[in-house]
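A.B. asks: Here's a structure for you.
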Amino acid sequence: MSPAPLPPRLRVIDSHTIGEPTRLVVDETFAAGLPLGPGSVRSRRDAFRAECDHLRRALVADPRGVEAMVGVVLLPPADPACQFGAFYFNRVGYLDMCGHATIGLAVSLGHLGRITPGRFRLETPAGVVGVEWHGGTSATFECVPPRRIRRDLAITLADGTTVPGDVATSGLWFFIARDHGLPLDTAAIPRLREKAWAIRRALEAAGVTGDGGETIDHVVLMGPPREPGHDARNFVLCPDGAFDRSPCGTATSALVGCLHEDGRLAEGTVWRQESILGGLYEATIRRAGGVLVPSVRGNAWITAETTLQFAADDPYRTGIG
Ligand code: PYC
C-alpha cells in the first residue's frame with residue numbers, strides 16, 4: 001500500500017498547558033480521509049501508526065514542531081457515550097493518553113466555539129476520559145483509573161546507586177521516585193534529565209514493565225514544593241527525552257492514586273502539584289462505583305491558529321528524523 005498522501009496544507013491550533021505544547025489537528029476530515037478503517041479510537045490510532053506514521057513526524061518533528069510538543073488528532077468517537085475522540089503522539093511515538101494535551105484540546109475547542117463551558121466525554125486510546133471546560137483557559141480532565149503495580153521498588157542504576165520508586169499507571173506508565181538525591185531546581189534540569197534517563201535504562205535492563213509488558217517510558221522525580229500551600233514539585237522525563245514543562249497530567253493522576261492508597265490523600269482533598277518550572281495542577285481523587293477517578297485541573301493558552309504548509313518539493317515535509 002502506498003503511504004497516505006500529505007495534504008498540501010493543514011489547519012492546526014497550537015496551545016501550551018502551563019508551558020507544555022500541544023498541536024491539535026481540528027479538521028475532522030483529515031482523519032476521515034486517511035485509511036484508518038472503522039472501529040474504536042484505539043484501533044484507528046493503531047492504523048494511523050501502521051499506515052501514516054510520516055504524518056506524525058510531519059506534524060510534530062522538526063522543522064514544524066518544537067521540543068516536547070504533543071500532537072492530537074481529533075476524530076469522531078466510536079463510543080456513542082462520547083462527544084469527541086482523540087489520539088496523541090510526540091516526535092518519537094504514540095501516547096495512549098495525555099493530560100496536558102487534553103486540557104489544551106478543551107481550551108482549543110472552546111476557543112473555536114465548538115464547545116460551551118461544561119462537560120464532555122472523550123474517547124482516547126486509553127479509554128473514556130471525562131473533560132470539563134470551565135471557560136477561558138481552565139479545564140479539568142478525569143483520567144482513566146490509576147493503578148500501582150510495584151511499591152518502593154529499589155532499582156539499581158549503572159553507577160551502582162539505588163533509587164526506590166513506585167511503578168504506576170493512569171493511561172501511561174510511570175516510575176515515581178521520591179528519594180533520588182537531586183534538588184528540583186531549574187538549574188539542575190540537565191542532572192535531573194540524566195538521572196531520569198539512567199532510571200529508565202535501569203528499568204529496561206532489569207526487565208521492569210507494566211503488567212501488560214509496557215515499557216515504563218516516563219520517569220517522575222518528586223520533591224518538595226516551592227510555594228506555601230502547594231504539596232509537591234516534580235520533574236517528568238517523557239519518552240522523547242524532553243522534560244514535561246507542566247506537572248504531567250497523567251503522572252499527577254497516577255500519583256494521586258498512589259497517595260490515596262497510602263492513606264496520604266483523602267477523597268476530595270486537593271493536591272497541588274508544581275512542575276519543575278513552577279506551573280500548577282490541582283488534582284483530587286474520588287471513588288465512583290468501586291473505581292478510583294483522578295481529576296486534574298489546569299490552564300492552557302492558545303499560541304497560534306496556524307495553517308501548516310507541506311510543499312511537494314520541501315525535502316523536510318515529513319519532518320527531520
Ligand atoms: O500531561 O499526561 C501528560 C503528558 C504526558 C506526556 C506529556 N504530557
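Labeling convention for the C-alpha cells: chains A, B, ... as they appear, residues from 1 per chain, ligands from 1 in order of appearance.
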Output the neighbourhood of ligand 1 as a PyMOL selection string, that is, all protein and nucleic acid residues with some atom at most 6 Å from the ligand, counting only C-alpha atoms and all ligand atoms.

C.D. replies: chain A and resi 98-100+238+244+248-250

A.B. asks: Write a file of the selected residues as an mmCIF file, in the first residue's frame, keeping N, CA and C atoms.

C.D. replies:
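Below is the file result11.cif, written as the result:
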data_model
loop_
_atom_site.group_PDB
_atom_site.id
_atom_site.type_symbol
_atom_site.label_atom_id
_atom_site.label_comp_id
_atom_site.auth_asym_id
_atom_site.auth_seq_id
_atom_site.Cartn_x
_atom_site.Cartn_y
_atom_site.Cartn_z
ATOM 1 N N CYS A 98 -2.929 11.658 27.230
ATOM 2 C CA CYS A 98 -2.044 12.767 27.584
ATOM 3 C C CYS A 98 -2.890 13.838 28.269
ATOM 4 N N GLY A 99 -2.551 14.109 29.517
ATOM 5 C CA GLY A 99 -3.348 15.043 30.310
ATOM 6 C C GLY A 99 -3.204 16.476 29.856
ATOM 7 N N HIS A 100 -1.948 16.928 29.662
ATOM 8 C CA HIS A 100 -1.798 18.346 29.296
ATOM 9 C C HIS A 100 -2.445 18.604 27.943
ATOM 10 N N CYS A 238 9.898 12.577 29.594
ATOM 11 C CA CYS A 238 8.984 11.973 28.615
ATOM 12 C C CYS A 238 9.769 11.054 27.679
ATOM 13 N N ASP A 244 8.713 17.347 30.840
ATOM 14 C CA ASP A 244 7.385 17.955 30.778
ATOM 15 C C ASP A 244 7.433 19.318 31.451
ATOM 16 N N CYS A 248 2.672 17.236 34.297
ATOM 17 C CA CYS A 248 2.262 15.989 33.623
ATOM 18 C C CYS A 248 0.923 15.500 34.195
ATOM 19 N N GLY A 249 -0.098 15.603 33.363
ATOM 20 C CA GLY A 249 -1.449 15.283 33.831
ATOM 21 C C GLY A 249 -1.636 13.824 34.188
ATOM 22 N N THR A 250 -1.113 12.926 33.343
ATOM 23 C CA THR A 250 -1.310 11.504 33.647
ATOM 24 C C THR A 250 -0.420 11.082 34.821
#

A.B. asks: A:Glu123, A:Asp159, A:Glu142, A:Asp240: which is nearest Pro77 in chain A, counting only C-alpha atoms?

C.D. replies: A:Glu123

A.B. asks: Taking 2 positions as the minimum chain separation for residues in the same chain, which residues sit within 6 Å of range 101-114 of chain A when counting only C-alpha atoms? Answer as a ChimeraX atom specification.

C.D. replies: /A:15,22,98-99,133,137,139,300

A.B. asks: Within 10 Å of Thr307 in chain A, counting only C-alpha atoms, which residues show up once you throw out same-chain ones fewer than 3 positions away? Write them as JSON, numbers by chain, please.

C.D. replies: {"A": [8, 9, 10, 11, 12, 13, 304, 310]}

A.B. asks: In Å, with one decimal, what is the gap from CA of Ala86 in chain A to CA of Asp166 in chain A?

C.D. replies: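 Value for the CA of Ala86 in chain A-CA of Asp166 in chain A distance: 28.6 Å.
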